[in-house]
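Comments concern the structure below.
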Amino acid sequence: MLNYHRHGNGPVLVFQHGYLGGYSLWTPQIVFFSRMFDVIAPDLPGYAGSAHVAPSGTIGGMADAVVDLLDTLGVGDFYLVGHSMGGMVVQEIAARQRNRVKKLVLYGTACSGAMPRRFEPFSETARTMQAEGIEATGARIGKTWFVEGENAPYYSLCQGSGAGTTLEAALEGLKAMPAWDGTAALETLTMPTMVMGGDRDRSYSLPEMEYLSRTIPDARLAILPGCAHNAHLEKPDLFNQILADFLLEQR
């Protein structure tokens, strides 16, 4: 079973981390939202505390692992937030579990792994990871996720969140993302949805996020100014307030 962190009381709110991350990447959100929700934050197969679980080479396989965890925990319906690669995973979950997902948040992500505007091709990331190792490559990539790079206050938290992730899982993720395309399922995502992102994200571009918000039937768009890929760590108070307003809104 996947490793996970669970804290708080209320409706279930699932936070899904992205590439090279782990549940602790959501620390400011866990602290804030556990006052009003039963927060569950899983580590994906092969990542962080789930290093003992065999990694998946597909986004769908990662989604299955998360759903299996929620089923094992006896969770019924839930609110769902996914970041980056985790945003792809939660799109798969939402498409397969539409009756269980109360609201969906797609943050710093896209509906396809093609990602033509990514700061470097996935093949280049894989090449350097095999040559330099996961730690050095993660440190280099992590700098692109913050406007202030390694000087960002939460950069160290970001780097530490994925500690324990296996090289196999990291390489499988680099295969899974470009092979995935969830475009066909977007119009089936009928739950209230919010697309979030930073205006200086170098992984997922504004046009990709705008496309999500235009194509999903009941979606809105929130772009955080002066933020890169990890907006939830660069401006956590602003991020949390925008997210809380959406999740708690009566519709």
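Naming works like this for the structure tokens: A, B, ... for the chains as they're shown, residue 1 at the start of each chain, ligands 1 onward in shown order.
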Quick one: residues within 12 Å of Ala152 (chain A), only C-alpha atoms, excluding same-chain residues fewer than 2 positions away - as an mmCIF file with all heavy atoms, in the first residue's frame?
```cif
data_model
loop_
_atom_site.group_PDB
_atom_site.id
_atom_site.type_symbol
_atom_site.label_atom_id
_atom_site.label_comp_id
_atom_site.auth_asym_id
_atom_site.auth_seq_id
_atom_site.Cartn_x
_atom_site.Cartn_y
_atom_site.Cartn_z
ATOM 1 N N GLY A 142 14.717 21.451 -9.555
ATOM 2 C CA GLY A 142 13.996 22.171 -8.515
ATOM 3 C C GLY A 142 14.205 23.672 -8.554
ATOM 4 O O GLY A 142 13.311 24.444 -8.178
ATOM 5 N N LYS A 143 15.370 24.106 -9.008
ATOM 6 C CA LYS A 143 15.629 25.544 -9.104
ATOM 7 C C LYS A 143 14.684 26.223 -10.092
ATOM 8 O O LYS A 143 14.343 27.399 -9.933
ATOM 9 C CB LYS A 143 17.079 25.787 -9.528
ATOM 10 C CG LYS A 143 18.116 25.346 -8.509
ATOM 11 C CD LYS A 143 19.521 25.541 -9.059
ATOM 12 C CE LYS A 143 20.572 24.980 -8.117
ATOM 13 N NZ LYS A 143 21.951 25.138 -8.644
ATOM 14 N N THR A 144 14.256 25.484 -11.115
ATOM 15 C CA THR A 144 13.361 26.076 -12.115
ATOM 16 C C THR A 144 11.933 26.199 -11.603
ATOM 17 O O THR A 144 11.108 26.856 -12.232
ATOM 18 C CB THR A 144 13.340 25.238 -13.413
ATOM 19 O OG1 THR A 144 12.607 24.016 -13.208
ATOM 20 C CG2 THR A 144 14.746 24.908 -13.881
ATOM 21 N N TRP A 145 11.636 25.576 -10.476
ATOM 22 C CA TRP A 145 10.278 25.573 -9.942
ATOM 23 C C TRP A 145 9.981 26.784 -9.062
ATOM 24 O O TRP A 145 8.850 26.946 -8.584
ATOM 25 C CB TRP A 145 10.031 24.291 -9.156
ATOM 26 C CG TRP A 145 10.038 23.060 -10.009
ATOM 27 C CD1 TRP A 145 9.932 22.981 -11.372
ATOM 28 C CD2 TRP A 145 10.168 21.709 -9.555
ATOM 29 N NE1 TRP A 145 9.984 21.679 -11.798
ATOM 30 C CE2 TRP A 145 10.129 20.870 -10.702
ATOM 31 C CE3 TRP A 145 10.307 21.119 -8.305
ATOM 32 C CZ2 TRP A 145 10.231 19.477 -10.615
ATOM 33 C CZ3 TRP A 145 10.408 19.738 -8.222
ATOM 34 C CH2 TRP A 145 10.359 18.933 -9.362
ATOM 35 N N PHE A 146 10.988 27.625 -8.827
ATOM 36 C CA PHE A 146 10.829 28.825 -8.004
ATOM 37 C C PHE A 146 11.386 30.028 -8.755
ATOM 38 O O PHE A 146 12.437 29.925 -9.398
ATOM 39 C CB PHE A 146 11.584 28.692 -6.686
ATOM 40 C CG PHE A 146 11.097 27.601 -5.776
ATOM 41 C CD1 PHE A 146 11.611 26.315 -5.877
ATOM 42 C CD2 PHE A 146 10.134 27.854 -4.810
ATOM 43 C CE1 PHE A 146 11.167 25.296 -5.039
ATOM 44 C CE2 PHE A 146 9.689 26.849 -3.962
ATOM 45 C CZ PHE A 146 10.206 25.564 -4.075
ATOM 46 N N VAL A 147 10.724 31.153 -8.647
ATOM 47 C CA VAL A 147 11.238 32.378 -9.262
ATOM 48 C C VAL A 147 12.615 32.704 -8.699
ATOM 49 O O VAL A 147 13.513 33.137 -9.435
ATOM 50 C CB VAL A 147 10.254 33.549 -9.030
ATOM 51 C CG1 VAL A 147 10.879 34.869 -9.460
ATOM 52 C CG2 VAL A 147 8.943 33.310 -9.783
ATOM 53 N N GLU A 148 12.809 32.495 -7.391
ATOM 54 C CA GLU A 148 14.089 32.801 -6.748
ATOM 55 C C GLU A 148 15.051 31.613 -6.750
ATOM 56 O O GLU A 148 16.112 31.673 -6.120
ATOM 57 C CB GLU A 148 13.839 33.256 -5.309
ATOM 58 C CG GLU A 148 13.036 34.536 -5.198
ATOM 59 C CD GLU A 148 12.821 34.952 -3.754
ATOM 60 O OE1 GLU A 148 13.565 34.493 -2.871
ATOM 61 O OE2 GLU A 148 11.891 35.745 -3.504
ATOM 62 N N GLY A 149 14.731 30.552 -7.443
ATOM 63 C CA GLY A 149 15.619 29.403 -7.525
ATOM 64 C C GLY A 149 15.921 28.805 -6.162
ATOM 65 O O GLY A 149 15.046 28.687 -5.308
ATOM 66 N N GLU A 150 17.181 28.450 -5.939
ATOM 67 C CA GLU A 150 17.564 27.816 -4.685
ATOM 68 C C GLU A 150 17.524 28.783 -3.501
ATOM 69 O O GLU A 150 17.664 28.355 -2.351
ATOM 70 C CB GLU A 150 18.967 27.210 -4.820
ATOM 71 C CG GLU A 150 20.058 28.213 -5.103
ATOM 72 C CD GLU A 150 21.390 27.521 -5.360
ATOM 73 O OE1 GLU A 150 21.661 26.487 -4.723
ATOM 74 O OE2 GLU A 150 22.161 28.017 -6.212
ATOM 75 N N TYR A 154 11.233 28.022 0.524
ATOM 76 C CA TYR A 154 10.783 26.636 0.607
ATOM 77 C C TYR A 154 11.538 25.700 -0.341
ATOM 78 O O TYR A 154 11.130 24.557 -0.534
ATOM 79 C CB TYR A 154 9.287 26.545 0.322
ATOM 80 C CG TYR A 154 8.418 26.845 1.524
ATOM 81 C CD1 TYR A 154 7.670 28.026 1.584
ATOM 82 C CD2 TYR A 154 8.328 25.951 2.582
ATOM 83 C CE1 TYR A 154 6.863 28.309 2.671
ATOM 84 C CE2 TYR A 154 7.521 26.217 3.672
ATOM 85 C CZ TYR A 154 6.798 27.395 3.722
ATOM 86 O OH TYR A 154 5.992 27.671 4.810
ATOM 87 N N TYR A 155 12.638 26.177 -0.896
ATOM 88 C CA TYR A 155 13.404 25.317 -1.806
ATOM 89 C C TYR A 155 13.885 24.051 -1.094
ATOM 90 O O TYR A 155 13.785 22.943 -1.641
ATOM 91 C CB TYR A 155 14.597 26.082 -2.382
ATOM 92 C CG TYR A 155 15.529 25.217 -3.213
ATOM 93 C CD1 TYR A 155 15.200 24.859 -4.519
ATOM 94 C CD2 TYR A 155 16.735 24.756 -2.691
ATOM 95 C CE1 TYR A 155 16.048 24.063 -5.278
ATOM 96 C CE2 TYR A 155 17.585 23.962 -3.442
ATOM 97 C CZ TYR A 155 17.240 23.623 -4.732
ATOM 98 O OH TYR A 155 18.074 22.830 -5.479
ATOM 99 N N SER A 156 14.383 24.183 0.116
ATOM 100 C CA SER A 156 14.885 23.008 0.849
ATOM 101 C C SER A 156 13.771 22.019 1.146
ATOM 102 O O SER A 156 13.975 20.800 1.063
ATOM 103 C CB SER A 156 15.558 23.448 2.159
ATOM 104 O OG SER A 156 16.721 24.208 1.895
ATOM 105 N N LEU A 157 12.593 22.516 1.499
ATOM 106 C CA LEU A 157 11.455 21.631 1.712
ATOM 107 C C LEU A 157 11.129 20.867 0.437
ATOM 108 O O LEU A 157 10.873 19.654 0.469
ATOM 109 C CB LEU A 157 10.228 22.434 2.152
ATOM 110 C CG LEU A 157 8.906 21.663 2.223
ATOM 111 C CD1 LEU A 157 8.958 20.618 3.313
ATOM 112 C CD2 LEU A 157 7.728 22.607 2.431
ATOM 113 N N CYS A 158 11.147 21.563 -0.675
ATOM 114 C CA CYS A 158 10.874 20.935 -1.966
ATOM 115 C C CYS A 158 11.872 19.817 -2.236
ATOM 116 O O CYS A 158 11.497 18.705 -2.611
ATOM 117 C CB CYS A 158 10.934 21.983 -3.071
ATOM 118 S SG CYS A 158 10.763 21.331 -4.744
ATOM 119 N N GLN A 159 13.150 20.087 -2.007
ATOM 120 C CA GLN A 159 14.181 19.079 -2.264
ATOM 121 C C GLN A 159 14.047 17.889 -1.326
ATOM 122 O O GLN A 159 14.245 16.748 -1.729
ATOM 123 C CB GLN A 159 15.571 19.706 -2.124
ATOM 124 C CG GLN A 159 15.899 20.710 -3.209
ATOM 125 C CD GLN A 159 15.745 20.117 -4.603
ATOM 126 O OE1 GLN A 159 14.841 20.457 -5.348
ATOM 127 N NE2 GLN A 159 16.610 19.194 -4.952
ATOM 128 N N CYS A 227 4.848 33.988 -9.654
ATOM 129 C CA CYS A 227 5.107 32.628 -9.168
ATOM 130 C C CYS A 227 5.533 31.733 -10.325
ATOM 131 O O CYS A 227 5.078 31.894 -11.465
ATOM 132 C CB CYS A 227 3.857 32.033 -8.533
ATOM 133 S SG CYS A 227 3.330 32.837 -7.010
ATOM 134 N N ALA A 228 6.360 30.764 -10.005
ATOM 135 C CA ALA A 228 6.782 29.768 -10.984
ATOM 136 C C ALA A 228 5.964 28.485 -10.773
ATOM 137 O O ALA A 228 4.768 28.546 -10.506
ATOM 138 C CB ALA A 228 8.279 29.527 -10.865
ATOM 139 N N ASN A 230 6.038 26.136 -8.404
ATOM 140 C CA ASN A 230 5.633 25.821 -7.033
ATOM 141 C C ASN A 230 4.979 27.031 -6.360
ATOM 142 O O ASN A 230 5.392 27.477 -5.294
ATOM 143 C CB ASN A 230 6.832 25.346 -6.206
ATOM 144 C CG ASN A 230 7.143 23.886 -6.448
ATOM 145 O OD1 ASN A 230 6.348 23.158 -7.039
ATOM 146 N ND2 ASN A 230 8.298 23.440 -5.998
ATOM 147 N N ALA A 231 3.929 27.545 -6.975
ATOM 148 C CA ALA A 231 3.231 28.713 -6.436
ATOM 149 C C ALA A 231 2.719 28.477 -5.025
ATOM 150 O O ALA A 231 2.668 29.401 -4.211
ATOM 151 C CB ALA A 231 2.071 29.083 -7.359
ATOM 152 N N LEU A 233 4.140 27.107 -2.660
ATOM 153 C CA LEU A 233 5.231 27.317 -1.709
ATOM 154 C C LEU A 233 5.813 28.725 -1.818
ATOM 155 O O LEU A 233 6.459 29.198 -0.887
ATOM 156 C CB LEU A 233 6.340 26.285 -1.934
ATOM 157 C CG LEU A 233 5.956 24.824 -1.695
ATOM 158 C CD1 LEU A 233 7.145 23.910 -1.991
ATOM 159 C CD2 LEU A 233 5.467 24.606 -0.267
ATOM 160 N N GLU A 234 5.600 29.373 -2.932
ATOM 161 C CA GLU A 234 6.109 30.738 -3.104
ATOM 162 C C GLU A 234 5.172 31.762 -2.457
ATOM 163 O O GLU A 234 5.626 32.721 -1.826
ATOM 164 C CB GLU A 234 6.277 31.045 -4.593
ATOM 165 C CG GLU A 234 7.387 30.221 -5.245
ATOM 166 C CD GLU A 234 7.574 30.570 -6.706
ATOM 167 O OE1 GLU A 234 6.671 30.250 -7.509
ATOM 168 O OE2 GLU A 234 8.606 31.170 -7.037
ATOM 169 N N LYS A 235 3.872 31.558 -2.625
ATOM 170 C CA LYS A 235 2.873 32.437 -2.011
ATOM 171 C C LYS A 235 1.802 31.569 -1.367
ATOM 172 O O LYS A 235 0.642 31.530 -1.818
ATOM 173 C CB LYS A 235 2.272 33.389 -3.053
ATOM 174 C CG LYS A 235 3.292 34.375 -3.629
ATOM 175 C CD LYS A 235 2.640 35.409 -4.537
ATOM 176 C CE LYS A 235 3.684 36.416 -5.049
ATOM 177 N NZ LYS A 235 3.077 37.435 -5.937
#
```
#### Entry: Phe33 (chain A) surroundings by only C-alpha atoms, 8 Å radius, close-in-sequence under 4 positions cut, as a ChimeraX atom specification
/A:8,29,37,39,244
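Between CA of Lys103 (chain A) and CA of Pro192 (chain A) there is a distance of 5.1 Å.
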### Message
Using only C-alpha atoms, which protein or nucleic acid residues come within 10 Å of region 64-72 of chain A? Drop anything in the same chain fewer than 2 positions from it, and give the result as a PyMOL selection string.
### Response
chain A and resi 1-4+12+14+16+40-45+53+55-56+58-62+74-78+89-90+92-93+96-97
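Distances here use only C-alpha atoms; by that measure, the residue among A:Arg98, A:Glu168, A:Thr190, A:Pro28 closest to Gln130 (chain A) is A:Glu168.
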### Task
Write down as a VMD selection string the residues belonging to region 20-124 of chain A that are assigned alpha helix (DSSP H) by DSSP computed on the backbone.
chain A and resid 27 to 33 59 to 72 85 to 96 122 to 124
